[in-house]
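Colleague: Following this line is final.pdb, made up of PDB, C-alpha atoms, pLDDT in the B column:
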ATOM      1  CA  MET A   4      19.334  56.477 -33.031  1.00 80.00           C
ATOM      2  CA  THR A   5      22.553  55.280 -34.588  1.00 92.00           C
ATOM      3  CA  ARG A   6      25.920  56.045 -33.076  1.00 97.00           C
ATOM      4  CA  TYR A   7      28.667  57.069 -35.475  1.00 98.00           C
ATOM      5  CA  LEU A   8      32.298  56.862 -34.423  1.00 98.00           C
ATOM      6  CA  PHE A   9      34.822  58.525 -36.703  1.00 98.00           C
ATOM      7  CA  ILE A  10      38.433  57.695 -35.931  1.00 98.00           C
ATOM      8  CA  GLU A  11      40.526  60.484 -37.425  1.00 97.00           C
ATOM      9  CA  SER A  12      44.178  59.519 -37.841  1.00 96.00           C
ATOM     10  CA  ARG A  13      45.232  62.113 -40.403  1.00 94.00           C
ATOM     11  CA  ASP A  14      46.953  65.436 -39.896  1.00 93.00           C
ATOM     12  CA  PRO A  15      44.485  67.953 -41.373  1.00 90.00           C
ATOM     13  CA  PHE A  16      47.348  70.283 -42.293  1.00 91.00           C
ATOM     14  CA  GLU A  17      48.770  67.548 -44.503  1.00 89.00           C
ATOM     15  CA  SER A  18      45.582  65.798 -45.663  1.00 81.00           C
ATOM     16  CA  ARG A  19      43.098  68.332 -46.933  1.00 79.00           C
ATOM     17  CA  ASP A  20      40.438  65.624 -47.097  1.00 87.00           C
ATOM     18  CA  ALA A  21      39.903  66.122 -43.353  1.00 86.00           C
ATOM     19  CA  GLN A  22      36.988  68.282 -44.524  1.00 89.00           C
ATOM     20  CA  PHE A  23      35.284  64.963 -45.263  1.00 90.00           C
ATOM     21  CA  ILE A  24      34.998  64.433 -41.526  1.00 93.00           C
ATOM     22  CA  VAL A  25      33.489  67.894 -40.975  1.00 94.00           C
ATOM     23  CA  ASN A  26      30.887  67.466 -43.704  1.00 95.00           C
ATOM     24  CA  THR A  27      29.927  63.892 -42.875  1.00 97.00           C
ATOM     25  CA  ALA A  28      30.006  64.069 -39.080  1.00 97.00           C
ATOM     26  CA  SER A  29      28.138  67.393 -38.981  1.00 97.00           C
ATOM     27  CA  GLY A  30      25.529  66.122 -41.423  1.00 97.00           C
ATOM     28  CA  LEU A  31      24.914  62.987 -39.382  1.00 97.00           C
ATOM     29  CA  LYS A  32      24.625  65.051 -36.206  1.00 97.00           C
ATOM     30  CA  ARG A  33      22.072  67.362 -37.828  1.00 96.00           C
ATOM     31  CA  ARG A  34      19.996  64.271 -38.620  1.00 96.00           C
ATOM     32  CA  GLY A  35      19.780  63.434 -34.928  1.00 96.00           C
ATOM     33  CA  ASN A  36      22.508  60.844 -34.581  1.00 97.00           C
ATOM     34  CA  ASP A  37      25.024  60.499 -31.784  1.00 97.00           C
ATOM     35  CA  VAL A  38      28.375  61.385 -33.406  1.00 98.00           C
ATOM     36  CA  THR A  39      31.875  61.152 -31.943  1.00 98.00           C
ATOM     37  CA  VAL A  40      35.178  62.006 -33.593  1.00 98.00           C
ATOM     38  CA  PHE A  41      38.086  60.280 -31.886  1.00 98.00           C
ATOM     39  CA  LEU A  42      41.435  61.867 -32.781  1.00 98.00           C
ATOM     40  CA  ILE A  43      44.397  59.528 -32.919  1.00 98.00           C
ATOM     41  CA  GLN A  44      47.951  59.482 -34.338  1.00 97.00           C
ATOM     42  CA  ASN A  45      48.534  62.686 -36.367  1.00 96.00           C
ATOM     43  CA  GLY A  46      44.822  63.448 -36.129  1.00 96.00           C
ATOM     44  CA  VAL A  47      45.513  65.041 -32.716  1.00 97.00           C
ATOM     45  CA  LEU A  48      47.643  67.770 -34.322  1.00 95.00           C
ATOM     46  CA  ALA A  49      44.478  69.775 -35.008  1.00 94.00           C
ATOM     47  CA  ALA A  50      43.659  69.869 -31.287  1.00 96.00           C
ATOM     48  CA  ARG A  51      45.864  72.825 -30.296  1.00 95.00           C
ATOM     49  CA  LYS A  52      43.751  75.837 -29.397  1.00 93.00           C
ATOM     50  CA  ASN A  53      46.102  78.111 -31.376  1.00 92.00           C
ATOM     51  CA  ALA A  54      45.705  76.049 -34.565  1.00 91.00           C
ATOM     52  CA  ARG A  55      43.951  78.687 -36.646  1.00 89.00           C
ATOM     53  CA  GLY A  56      43.410  76.351 -39.604  1.00 87.00           C
ATOM     54  CA  SER A  57      41.906  73.545 -37.549  1.00 91.00           C
ATOM     55  CA  HIS A  58      38.614  72.032 -38.674  1.00 92.00           C
ATOM     56  CA  LEU A  59      37.714  70.936 -35.150  1.00 94.00           C
ATOM     57  CA  PRO A  60      35.883  74.120 -34.010  1.00 94.00           C
ATOM     58  CA  GLN A  61      33.351  73.499 -36.804  1.00 94.00           C
ATOM     59  CA  LEU A  62      32.718  70.036 -35.412  1.00 96.00           C
ATOM     60  CA  ALA A  63      32.390  71.336 -31.865  1.00 96.00           C
ATOM     61  CA  ASP A  64      29.904  73.979 -33.070  1.00 96.00           C
ATOM     62  CA  ALA A  65      27.875  71.197 -34.702  1.00 96.00           C
ATOM     63  CA  GLY A  66      27.605  69.363 -31.372  1.00 97.00           C
ATOM     64  CA  VAL A  67      29.925  66.506 -32.299  1.00 98.00           C
ATOM     65  CA  THR A  68      31.755  64.923 -29.344  1.00 98.00           C
ATOM     66  CA  LEU A  69      35.519  65.375 -29.734  1.00 98.00           C
ATOM     67  CA  LEU A  70      37.979  63.038 -27.990  1.00 98.00           C
ATOM     68  CA  ALA A  71      41.761  62.803 -28.330  1.00 97.00           C
ATOM     69  CA  ASP A  72      43.948  59.778 -27.624  1.00 98.00           C
ATOM     70  CA  ASP A  73      46.259  60.470 -24.652  1.00 97.00           C
ATOM     71  CA  PHE A  74      49.080  58.307 -26.039  1.00 97.00           C
ATOM     72  CA  SER A  75      49.075  60.189 -29.358  1.00 98.00           C
ATOM     73  CA  LEU A  76      49.090  63.525 -27.493  1.00 97.00           C
ATOM     74  CA  ARG A  77      52.050  62.498 -25.341  1.00 96.00           C
ATOM     75  CA  GLU A  78      53.989  61.205 -28.354  1.00 96.00           C
ATOM     76  CA  ARG A  79      53.646  64.669 -29.936  1.00 96.00           C
ATOM     77  CA  GLY A  80      54.405  66.640 -26.777  1.00 96.00           C
ATOM     78  CA  MET A  81      50.914  68.106 -26.564  1.00 95.00           C
ATOM     79  CA  ARG A  82      49.738  69.117 -23.091  1.00 90.00           C
ATOM     80  CA  GLY A  83      46.327  69.906 -21.673  1.00 86.00           C
ATOM     81  CA  GLU A  84      46.875  73.664 -21.372  1.00 90.00           C
ATOM     82  CA  GLU A  85      47.566  74.049 -25.096  1.00 93.00           C
ATOM     83  CA  MET A  86      44.533  72.033 -26.162  1.00 94.00           C
ATOM     84  CA  ASN A  87      41.255  73.359 -27.468  1.00 95.00           C
ATOM     85  CA  PRO A  88      39.009  73.054 -24.373  1.00 95.00           C
ATOM     86  CA  GLU A  89      36.219  71.530 -26.464  1.00 96.00           C
ATOM     87  CA  ILE A  90      38.358  68.432 -27.005  1.00 97.00           C
ATOM     88  CA  ARG A  91      38.517  65.942 -24.150  1.00 96.00           C
ATOM     89  CA  GLU A  92      41.594  63.824 -23.535  1.00 96.00           C
ATOM     90  CA  SER A  93      40.662  60.153 -23.818  1.00 97.00           C
ATOM     91  CA  SER A  94      42.288  56.731 -24.133  1.00 98.00           C
ATOM     92  CA  ILE A  95      42.439  53.593 -26.221  1.00 98.00           C
ATOM     93  CA  ASP A  96      40.334  51.837 -23.564  1.00 98.00           C
ATOM     94  CA  LYS A  97      37.577  54.400 -24.075  1.00 98.00           C
ATOM     95  CA  LEU A  98      37.834  53.909 -27.841  1.00 98.00           C
ATOM     96  CA  VAL A  99      37.272  50.170 -27.391  1.00 98.00           C
ATOM     97  CA  ASP A 100      34.252  50.879 -25.156  1.00 98.00           C
ATOM     98  CA  LEU A 101      32.796  53.071 -27.898  1.00 98.00           C
ATOM     99  CA  LEU A 102      33.510  50.458 -30.568  1.00 98.00           C
ATOM    100  CA  VAL A 103      31.577  47.708 -28.797  1.00 98.00           C
ATOM    101  CA  GLN A 104      28.507  49.807 -27.988  1.00 96.00           C
ATOM    102  CA  GLU A 105      25.420  48.469 -29.669  1.00 93.00           C
ATOM    103  CA  ASN A 106      24.290  50.093 -32.887  1.00 95.00           C
ATOM    104  CA  THR A 107      27.601  51.830 -33.548  1.00 97.00           C
ATOM    105  CA  LYS A 108      29.103  52.382 -36.972  1.00 98.00           C
ATOM    106  CA  ALA A 109      32.859  52.906 -36.923  1.00 98.00           C
ATOM    107  CA  ILE A 110      34.666  54.721 -39.724  1.00 97.00           C
ATOM    108  CA  TRP A 111      38.465  54.974 -39.835  1.00 97.00           C
ATOM    109  CA  HIS A 112      39.919  57.951 -41.680  1.00 95.00           C
TER     110      HIS A 112
ATOM    111  CA  MET B  20      24.752  39.254 -21.628  1.00 60.00           C
ATOM    112  CA  ALA B  21      26.289  37.839 -24.807  1.00 79.00           C
ATOM    113  CA  LYS B  22      30.043  37.909 -25.127  1.00 91.00           C
ATOM    114  CA  LYS B  23      31.216  40.854 -27.184  1.00 97.00           C
ATOM    115  CA  THR B  24      33.435  40.389 -30.215  1.00 98.00           C
ATOM    116  CA  LEU B  25      35.358  42.996 -32.146  1.00 98.00           C
ATOM    117  CA  THR B  26      36.643  42.362 -35.665  1.00 98.00           C
ATOM    118  CA  LEU B  27      39.496  44.335 -37.199  1.00 98.00           C
ATOM    119  CA  ALA B  28      40.673  44.302 -40.805  1.00 98.00           C
ATOM    120  CA  LEU B  29      44.294  45.394 -41.164  1.00 98.00           C
ATOM    121  CA  MET B  30      46.052  46.234 -44.419  1.00 98.00           C
ATOM    122  CA  ASP B  31      49.337  47.999 -43.642  1.00 98.00           C
ATOM    123  CA  PRO B  32      52.601  46.035 -43.841  1.00 97.00           C
ATOM    124  CA  PRO B  33      55.010  46.009 -40.884  1.00 97.00           C
ATOM    125  CA  TYR B  34      57.154  49.080 -40.071  1.00 95.00           C
ATOM    126  CA  GLU B  35      55.187  51.309 -42.432  1.00 95.00           C
ATOM    127  CA  SER B  36      52.440  53.082 -40.545  1.00 96.00           C
ATOM    128  CA  ALA B  37      51.338  54.168 -37.081  1.00 97.00           C
ATOM    129  CA  ASN B  38      48.086  52.368 -37.920  1.00 98.00           C
ATOM    130  CA  THR B  39      49.754  49.108 -36.918  1.00 98.00           C
ATOM    131  CA  THR B  40      50.666  50.383 -33.455  1.00 97.00           C
ATOM    132  CA  THR B  41      47.128  51.652 -32.962  1.00 98.00           C
ATOM    133  CA  ALA B  42      45.673  48.329 -34.099  1.00 98.00           C
ATOM    134  CA  PHE B  43      47.858  46.459 -31.605  1.00 98.00           C
ATOM    135  CA  ARG B  44      46.758  48.854 -28.847  1.00 98.00           C
ATOM    136  CA  ILE B  45      43.081  48.329 -29.701  1.00 98.00           C
ATOM    137  CA  ILE B  46      43.502  44.540 -29.725  1.00 98.00           C
ATOM    138  CA  ALA B  47      45.378  44.539 -26.402  1.00 98.00           C
ATOM    139  CA  SER B  48      42.799  46.791 -24.750  1.00 98.00           C
ATOM    140  CA  ALA B  49      39.869  44.717 -25.997  1.00 98.00           C
ATOM    141  CA  LEU B  50      41.430  41.471 -24.783  1.00 98.00           C
ATOM    142  CA  LYS B  51      42.141  43.078 -21.408  1.00 98.00           C
ATOM    143  CA  LYS B  52      38.440  43.890 -21.174  1.00 98.00           C
ATOM    144  CA  GLY B  53      37.514  40.262 -21.916  1.00 98.00           C
ATOM    145  CA  ILE B  54      36.292  41.018 -25.447  1.00 98.00           C
ATOM    146  CA  ASN B  55      36.949  38.408 -28.144  1.00 98.00           C
ATOM    147  CA  VAL B  56      38.882  39.797 -31.105  1.00 98.00           C
ATOM    148  CA  ASN B  57      39.076  38.686 -34.724  1.00 98.00           C
ATOM    149  CA  VAL B  58      41.795  40.024 -36.995  1.00 98.00           C
ATOM    150  CA  PHE B  59      41.674  39.668 -40.753  1.00 98.00           C
ATOM    151  CA  ALA B  60      45.125  40.556 -42.076  1.00 98.00           C
ATOM    152  CA  TYR B  61      44.854  41.578 -45.702  1.00 97.00           C
ATOM    153  CA  GLU B  62      47.411  42.636 -48.312  1.00 97.00           C
ATOM    154  CA  GLY B  63      50.662  43.798 -46.652  1.00 97.00           C
ATOM    155  CA  ALA B  64      49.354  43.093 -43.167  1.00 98.00           C
ATOM    156  CA  VAL B  65      49.904  39.354 -43.702  1.00 98.00           C
ATOM    157  CA  SER B  66      53.584  40.045 -43.032  1.00 98.00           C
ATOM    158  CA  LEU B  67      52.902  41.304 -39.511  1.00 98.00           C
ATOM    159  CA  SER B  68      52.970  37.742 -38.192  1.00 98.00           C
ATOM    160  CA  MET B  69      55.972  36.485 -40.208  1.00 97.00           C
ATOM    161  CA  LYS B  70      58.108  34.368 -37.941  1.00 96.00           C
ATOM    162  CA  ASP B  71      61.403  35.138 -39.700  1.00 94.00           C
ATOM    163  CA  GLN B  72      61.494  38.792 -38.641  1.00 95.00           C
ATOM    164  CA  ALA B  73      64.665  39.436 -36.668  1.00 93.00           C
ATOM    165  CA  PRO B  74      65.739  42.381 -34.533  1.00 92.00           C
ATOM    166  CA  HIS B  75      68.909  44.087 -35.623  1.00 92.00           C
ATOM    167  CA  ALA B  76      71.839  46.083 -34.311  1.00 94.00           C
ATOM    168  CA  ASN B  77      72.273  49.762 -35.226  1.00 93.00           C
ATOM    169  CA  PRO B  78      75.649  50.269 -36.910  1.00 93.00           C
ATOM    170  CA  VAL B  79      75.128  54.045 -37.094  1.00 95.00           C
ATOM    171  CA  LYS B  80      74.908  54.316 -33.320  1.00 93.00           C
ATOM    172  CA  GLY B  81      77.215  51.360 -32.734  1.00 96.00           C
ATOM    173  CA  THR B  82      74.638  49.577 -30.599  1.00 96.00           C
ATOM    174  CA  THR B  83      74.143  45.830 -30.347  1.00 97.00           C
ATOM    175  CA  VAL B  84      70.970  43.840 -30.966  1.00 95.00           C
ATOM    176  CA  GLU B  85      70.421  43.644 -27.219  1.00 95.00           C
ATOM    177  CA  GLU B  86      70.978  47.364 -26.677  1.00 95.00           C
ATOM    178  CA  GLU B  87      68.608  48.290 -29.497  1.00 93.00           C
ATOM    179  CA  ASP B  88      65.905  45.927 -28.199  1.00 91.00           C
ATOM    180  CA  HIS B  89      64.218  46.399 -31.567  1.00 89.00           C
ATOM    181  CA  PRO B  90      60.502  45.550 -31.465  1.00 92.00           C
ATOM    182  CA  THR B  91      59.219  43.255 -34.193  1.00 97.00           C
ATOM    183  CA  THR B  92      55.583  43.004 -35.226  1.00 98.00           C
ATOM    184  CA  ARG B  93      55.735  39.211 -35.047  1.00 97.00           C
ATOM    185  CA  ALA B  94      56.645  39.498 -31.347  1.00 97.00           C
ATOM    186  CA  PHE B  95      53.638  41.767 -30.765  1.00 98.00           C
ATOM    187  CA  VAL B  96      51.336  39.393 -32.658  1.00 98.00           C
ATOM    188  CA  SER B  97      52.726  36.427 -30.758  1.00 98.00           C
ATOM    189  CA  SER B  98      52.159  38.167 -27.400  1.00 98.00           C
ATOM    190  CA  LEU B  99      48.615  39.130 -28.343  1.00 98.00           C
ATOM    191  CA  LEU B 100      47.847  35.566 -29.431  1.00 98.00           C
ATOM    192  CA  HIS B 101      49.195  34.359 -26.096  1.00 97.00           C
ATOM    193  CA  ILE B 102      46.925  36.759 -24.183  1.00 97.00           C
ATOM    194  CA  GLY B 103      43.994  35.770 -26.390  1.00 98.00           C
ATOM    195  CA  LYS B 104      44.603  32.040 -26.502  1.00 96.00           C
ATOM    196  CA  GLU B 105      41.298  30.988 -24.932  1.00 94.00           C
ATOM    197  CA  ASP B 106      39.001  33.385 -23.070  1.00 95.00           C
ATOM    198  CA  PRO B 107      38.990  36.014 -24.400  1.00 97.00           C
ATOM    199  CA  LEU B 108      39.907  34.553 -27.755  1.00 97.00           C
ATOM    200  CA  LEU B 109      42.021  36.258 -30.408  1.00 98.00           C
ATOM    201  CA  THR B 110      41.532  34.752 -33.864  1.00 98.00           C
ATOM    202  CA  TRP B 111      44.175  35.911 -36.365  1.00 98.00           C
ATOM    203  CA  VAL B 112      43.488  35.066 -40.020  1.00 98.00           C
ATOM    204  CA  ASN B 113      45.910  35.917 -42.816  1.00 98.00           C
ATOM    205  CA  CYS B 114      44.491  36.293 -46.337  1.00 98.00           C
ATOM    206  CA  GLY B 115      45.777  33.247 -48.218  1.00 97.00           C
ATOM    207  CA  LEU B 116      46.063  34.869 -51.641  1.00 97.00           C
ATOM    208  CA  CYS B 117      47.944  37.821 -50.150  1.00 97.00           C
ATOM    209  CA  VAL B 118      50.265  35.379 -48.393  1.00 97.00           C
ATOM    210  CA  ASP B 119      50.962  33.452 -51.585  1.00 97.00           C
ATOM    211  CA  GLU B 120      51.696  36.620 -53.558  1.00 96.00           C
ATOM    212  CA  ARG B 121      54.271  37.636 -50.981  1.00 96.00           C
ATOM    213  CA  GLY B 122      55.642  34.207 -50.105  1.00 95.00           C
ATOM    214  CA  ALA B 123      54.885  35.170 -46.527  1.00 93.00           C
ATOM    215  CA  GLY B 124      53.608  31.882 -45.135  1.00 93.00           C
ATOM    216  CA  HIS B 125      55.918  31.246 -42.199  1.00 95.00           C
ATOM    217  CA  TRP B 126      53.949  32.614 -39.261  1.00 96.00           C
ATOM    218  CA  VAL B 127      54.097  32.672 -35.515  1.00 97.00           C
ATOM    219  CA  GLU B 128      52.097  29.989 -33.760  1.00 96.00           C
ATOM    220  CA  GLY B 129      48.351  30.625 -33.695  1.00 97.00           C
ATOM    221  CA  ALA B 130      47.891  32.542 -36.949  1.00 97.00           C
ATOM    222  CA  LYS B 131      45.639  30.870 -39.527  1.00 97.00           C
ATOM    223  CA  ARG B 132      45.092  30.963 -43.267  1.00 98.00           C
ATOM    224  CA  GLY B 133      41.764  32.175 -44.637  1.00 98.00           C
ATOM    225  CA  GLY B 134      40.068  34.440 -47.107  1.00 97.00           C
ATOM    226  CA  PRO B 135      37.561  37.263 -47.537  1.00 96.00           C
ATOM    227  CA  ALA B 136      34.708  34.846 -46.809  1.00 97.00           C
ATOM    228  CA  ASP B 137      36.142  34.423 -43.307  1.00 98.00           C
ATOM    229  CA  PHE B 138      36.174  38.184 -42.885  1.00 98.00           C
ATOM    230  CA  LEU B 139      32.515  38.376 -43.913  1.00 98.00           C
ATOM    231  CA  LYS B 140      31.595  35.683 -41.390  1.00 98.00           C
ATOM    232  CA  MET B 141      33.610  37.387 -38.653  1.00 98.00           C
ATOM    233  CA  ALA B 142      31.913  40.717 -39.371  1.00 97.00           C
ATOM    234  CA  GLN B 143      28.437  39.159 -39.391  1.00 97.00           C
ATOM    235  CA  GLU B 144      29.038  37.510 -36.026  1.00 97.00           C
ATOM    236  CA  SER B 145      30.735  40.465 -34.308  1.00 97.00           C
ATOM    237  CA  THR B 146      29.468  43.287 -32.138  1.00 97.00           C
ATOM    238  CA  ASN B 147      31.314  45.654 -34.457  1.00 98.00           C
ATOM    239  CA  THR B 148      33.906  45.723 -37.226  1.00 98.00           C
ATOM    240  CA  LEU B 149      36.616  48.277 -37.822  1.00 98.00           C
ATOM    241  CA  VAL B 150      38.457  48.419 -41.140  1.00 98.00           C
ATOM    242  CA  ILE B 151      41.818  50.174 -40.909  1.00 98.00           C
ATOM    243  CA  PRO B 152      42.809  50.793 -44.526  1.00 96.00           C
ATOM    244  CA  THR B 153      46.108  51.972 -45.930  1.00 91.00           C
ATOM    245  CA  LYS B 154      46.163  55.720 -46.450  1.00 77.00           C
TER     246      LYS B 154
END
Can I see the file as structure tokens?
Modeller:
Amino acid sequence: MTRYLFIESRDPFESRDAQFIVNTASGLKRRGNDVTVFLIQNGVLAARKNARGSHLPQLADAGVTLLADDFSLRERGMRGEEMNPEIRESSIDKLVDLLVQENTKAIWH
Amino acid sequence: MAKKTLTLALMDPPYESANTTTAFRIIASALKKGINVNVFAYEGAVSLSMKDQAPHANPVKGTTVEEEDHPTTRAFVSSLLHIGKEDPLLTWVNCGLCVDERGAGHWVEGAKRGGPADFLKMAQESTNTLVIPTK
């Protein structure tokens, strides 16, 4: 099994190509891979539970692991209670741990 | 267990993108964990390590250089190279052609000149490679 780590830095409300992540990550998950999407920088802006246009619920439904960088959340004033509960707050240290796991392909978007 | 190594390719120039801050955070975290790090600075990213960068005052706010305490990317690179001077090791390679195009050859101590072949070798010998492209 291959691990895929997508690092999503783009605001999906600004960059409509965020759908690329949904299609690719979901497809890889359906094929039996371990898939994580790590939200960072403006990528965390989709993590609010009231974000009706967010693409993240589709990823959660597909079984993709969703993590959000704590530093990026704090910079944007986003708190735990306003987050989609399917997205776990994470850290840059965790991202590094994921990057150096064996058999992991990392894709920055 | 073999020592882990992470390779990053950076492309954004200084003061342009949050990607640079994230890259510095990844490098610092990896070094803190004892992981060796290679950086291949390509295109505008070769200017991250330029020694001539200087902090400035803010005439709009009327603040001095000291009060502004303006962070420069060369100071970050220099600090990271200090942390990664031996074990763990940070290897910082600036793309030579990109440097020549920009006249950006005056770097902080520890940065080296190289080329895409170095990046290929780094990637082949690393646990993983992350390319952080410009948007």
Colleague: Any idea what's packed within 12 Å of Ala21 (chain B), counting all atoms listed in the file, ignoring anything in its chain fewer than 2 positions away? Could you give it as a PyMOL selection string?
Modeller: (chain A and resi 103+105) or (chain B and resi 23-24+53-55+144-146)
Colleague: Tell me, counting all atoms listed in the file, for each residue of chain B within 12 Å of chain A, which pair of atoms is nearest and how far apart they are in Å to one decimal, in rows ordered by chain and increasing number, as a tab-separated table.
Modeller:
residue	atom	partner	partner_atom	distance
B:Ala21	CA	A:Glu105	CA	11.7
B:Lys22	CA	A:Val103	CA	10.6
B:Lys23	CA	A:Val103	CA	7.1
B:Thr24	CA	A:Val103	CA	7.7
B:Leu25	CA	A:Val103	CA	6.9
B:Thr26	CA	A:Leu102	CA	10.1
B:Leu27	CA	A:Leu102	CA	10.8
B:Ala28	CA	A:Trp111	CA	10.9
B:Leu29	CA	A:Trp111	CA	11.3
B:Ser36	CA	A:Gln44	CA	10.0
B:Ala37	CA	A:Gln44	CA	6.9
B:Asn38	CA	A:Gln44	CA	8.0
B:Thr39	CA	A:Gln44	CA	10.8
B:Thr40	CA	A:Gln44	CA	9.5
B:Thr41	CA	A:Gln44	CA	8.0
B:Ala42	CA	A:Ile95	CA	10.0
B:Phe43	CA	A:Ile95	CA	10.5
B:Arg44	CA	A:Ile95	CA	6.9
B:Ile45	CA	A:Ile95	CA	6.3
B:Ile46	CA	A:Val99	CA	8.7
B:Ala47	CA	A:Asp96	CA	9.3
B:Ser48	CA	A:Asp96	CA	5.7
B:Ala49	CA	A:Val99	CA	6.2
B:Leu50	CA	A:Val99	CA	10.0
B:Lys51	CA	A:Asp96	CA	9.2
B:Lys52	CA	A:Asp96	CA	8.5
B:Gly53	CA	A:Val99	CA	11.3
B:Ile54	CA	A:Val103	CA	8.8
B:Asn55	CA	A:Val103	CA	10.8
B:Val56	CA	A:Val103	CA	11.0
B:Ser145	CA	A:Val103	CA	9.1
B:Thr146	CA	A:Val103	CA	5.9
B:Asn147	CA	A:Val103	CA	6.0
B:Thr148	CA	A:Ala109	CA	7.3
B:Leu149	CA	A:Ala109	CA	6.0
B:Val150	CA	A:Trp111	CA	6.7
B:Ile151	CA	A:Trp111	CA	6.0
B:Pro152	CA	A:Trp111	CA	7.6
B:Thr153	CA	A:His112	CA	9.6
B:Lys154	CA	A:His112	CA	8.2
Colleague: Suppose you want the space between CA of Ala94 (chain B) and CA of Thr82 (chain B); what is it in Å?
Modeller: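 Taking CA of Ala94 (chain B) and CA of Thr82 (chain B), their separation equals 20.6 Å.
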Colleague: With all atoms listed in the file as the counted atoms, please give the residues lying no more than 8 Å from His58 (chain A), apart from itself and same-chain residues fewer than 4 positions off, as a ChimeraX atom specification.
Modeller: /A:15,21-22,25,49,62
Colleague: Closest to Ala50 (chain A) among A:Asp37, A:Glu89, A:Glu78, A:Glu17, using only C-alpha atoms?
Modeller: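 Residue with the minimum atom-to-atom distance to Ala50 (chain A): A:Glu89.
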Colleague: Can you tell me how far CA of Leu100 (chain B) sits from CA of Leu101 (chain A), in Å to one decimal?
Modeller: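 Going from CA of Leu100 (chain B) over to CA of Leu101 (chain A) covers 23.1 Å.
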Colleague: How far is it from CA of Val47 (chain A) to CA of Asp64 (chain A), in Å with one decimal?
Modeller: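 Interatomic distance here is 18.0 Å.
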Colleague: If I put a ball of radius 7 Å at (40.3, 33.7, -44.5) in the file's coordinates, which residues poke into it when counting all atoms listed in the file, written as a list in words?
Modeller: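 Residues satisfying the cut-off, written out: Val112, Asn113, Cys114, Gly115, Arg132, Gly133, Gly134, Pro135, Ala136, Asp137 and Phe138 of chain B.
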Colleague: Output C-alpha atoms for every residue in the selection just made, as a PDB file, in the frame of the given file.
Modeller:
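Dumped to part30.pdb:
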ATOM      1  CA  VAL B 112      43.488  35.066 -40.020  1.00 98.00           C
ATOM      2  CA  ASN B 113      45.910  35.917 -42.816  1.00 98.00           C
ATOM      3  CA  CYS B 114      44.491  36.293 -46.337  1.00 98.00           C
ATOM      4  CA  GLY B 115      45.777  33.247 -48.218  1.00 97.00           C
ATOM      5  CA  ARG B 132      45.092  30.963 -43.267  1.00 98.00           C
ATOM      6  CA  GLY B 133      41.764  32.175 -44.637  1.00 98.00           C
ATOM      7  CA  GLY B 134      40.068  34.440 -47.107  1.00 97.00           C
ATOM      8  CA  PRO B 135      37.561  37.263 -47.537  1.00 96.00           C
ATOM      9  CA  ALA B 136      34.708  34.846 -46.809  1.00 97.00           C
ATOM     10  CA  ASP B 137      36.142  34.423 -43.307  1.00 98.00           C
ATOM     11  CA  PHE B 138      36.174  38.184 -42.885  1.00 98.00           C
TER      12      PHE B 138
END
Colleague: Hey, what comes out of the PyMOL selection byres ((chain B and resi 104) around 12) on this file? Could you write it as a list in words?
Modeller: Leu50, Gly53, Asn55, Val56, Asn57, Val96, Ser97, Ser98, Leu99, Leu100, His101, Ile102, Gly103, Glu105, Asp106, Pro107, Leu108, Leu109, Thr110, Trp111, Glu128, Gly129 and Ala130 of chain B
Colleague: Output the selection as a short mmCIF file (atom, residue, chain, number, x, y, z; two decimals), in the frame of the given file - C-alpha atoms for each residue.
Modeller:
data_model
loop_
_atom_site.label_atom_id
_atom_site.label_comp_id
_atom_site.auth_asym_id
_atom_site.auth_seq_id
_atom_site.Cartn_x
_atom_site.Cartn_y
_atom_site.Cartn_z
CA LEU B 50 41.43 41.47 -24.78
CA GLY B 53 37.51 40.26 -21.92
CA ASN B 55 36.95 38.41 -28.14
CA VAL B 56 38.88 39.80 -31.10
CA ASN B 57 39.08 38.69 -34.72
CA VAL B 96 51.34 39.39 -32.66
CA SER B 97 52.73 36.43 -30.76
CA SER B 98 52.16 38.17 -27.40
CA LEU B 99 48.62 39.13 -28.34
CA LEU B 100 47.85 35.57 -29.43
CA HIS B 101 49.20 34.36 -26.10
CA ILE B 102 46.92 36.76 -24.18
CA GLY B 103 43.99 35.77 -26.39
CA GLU B 105 41.30 30.99 -24.93
CA ASP B 106 39.00 33.38 -23.07
CA PRO B 107 38.99 36.01 -24.40
CA LEU B 108 39.91 34.55 -27.76
CA LEU B 109 42.02 36.26 -30.41
CA THR B 110 41.53 34.75 -33.86
CA TRP B 111 44.18 35.91 -36.36
CA GLU B 128 52.10 29.99 -33.76
CA GLY B 129 48.35 30.62 -33.70
CA ALA B 130 47.89 32.54 -36.95
#
Colleague: The PyMOL selection byres ((chain B and resi 65) around 9) - which residues does that actually catch in the file I just gave you? List them as a VMD selection string.
Modeller: chain B and resid 29 to 33 59 to 64 66 to 69 112 to 115 117 to 118 121 123 to 124
Colleague: Box along x, y and z, 6 Å on every side, all listed atoms of region 66-82 of chain B inside: centre and edge lengths in Å to one decimal, as AutoDock Vina command-line options.
Modeller:
--center_x 65.1 --center_y 44.3 --center_z -36.8 --size_x 36.3 --size_y 31.9 --size_z 24.4
Colleague: Can you translate the PyMOL selection byres ((chain A and resi 53) around 8) into the concrete residues it hits in this file, as a ChimeraX atom specification?
Modeller: /A:51-52,54-55,85,87
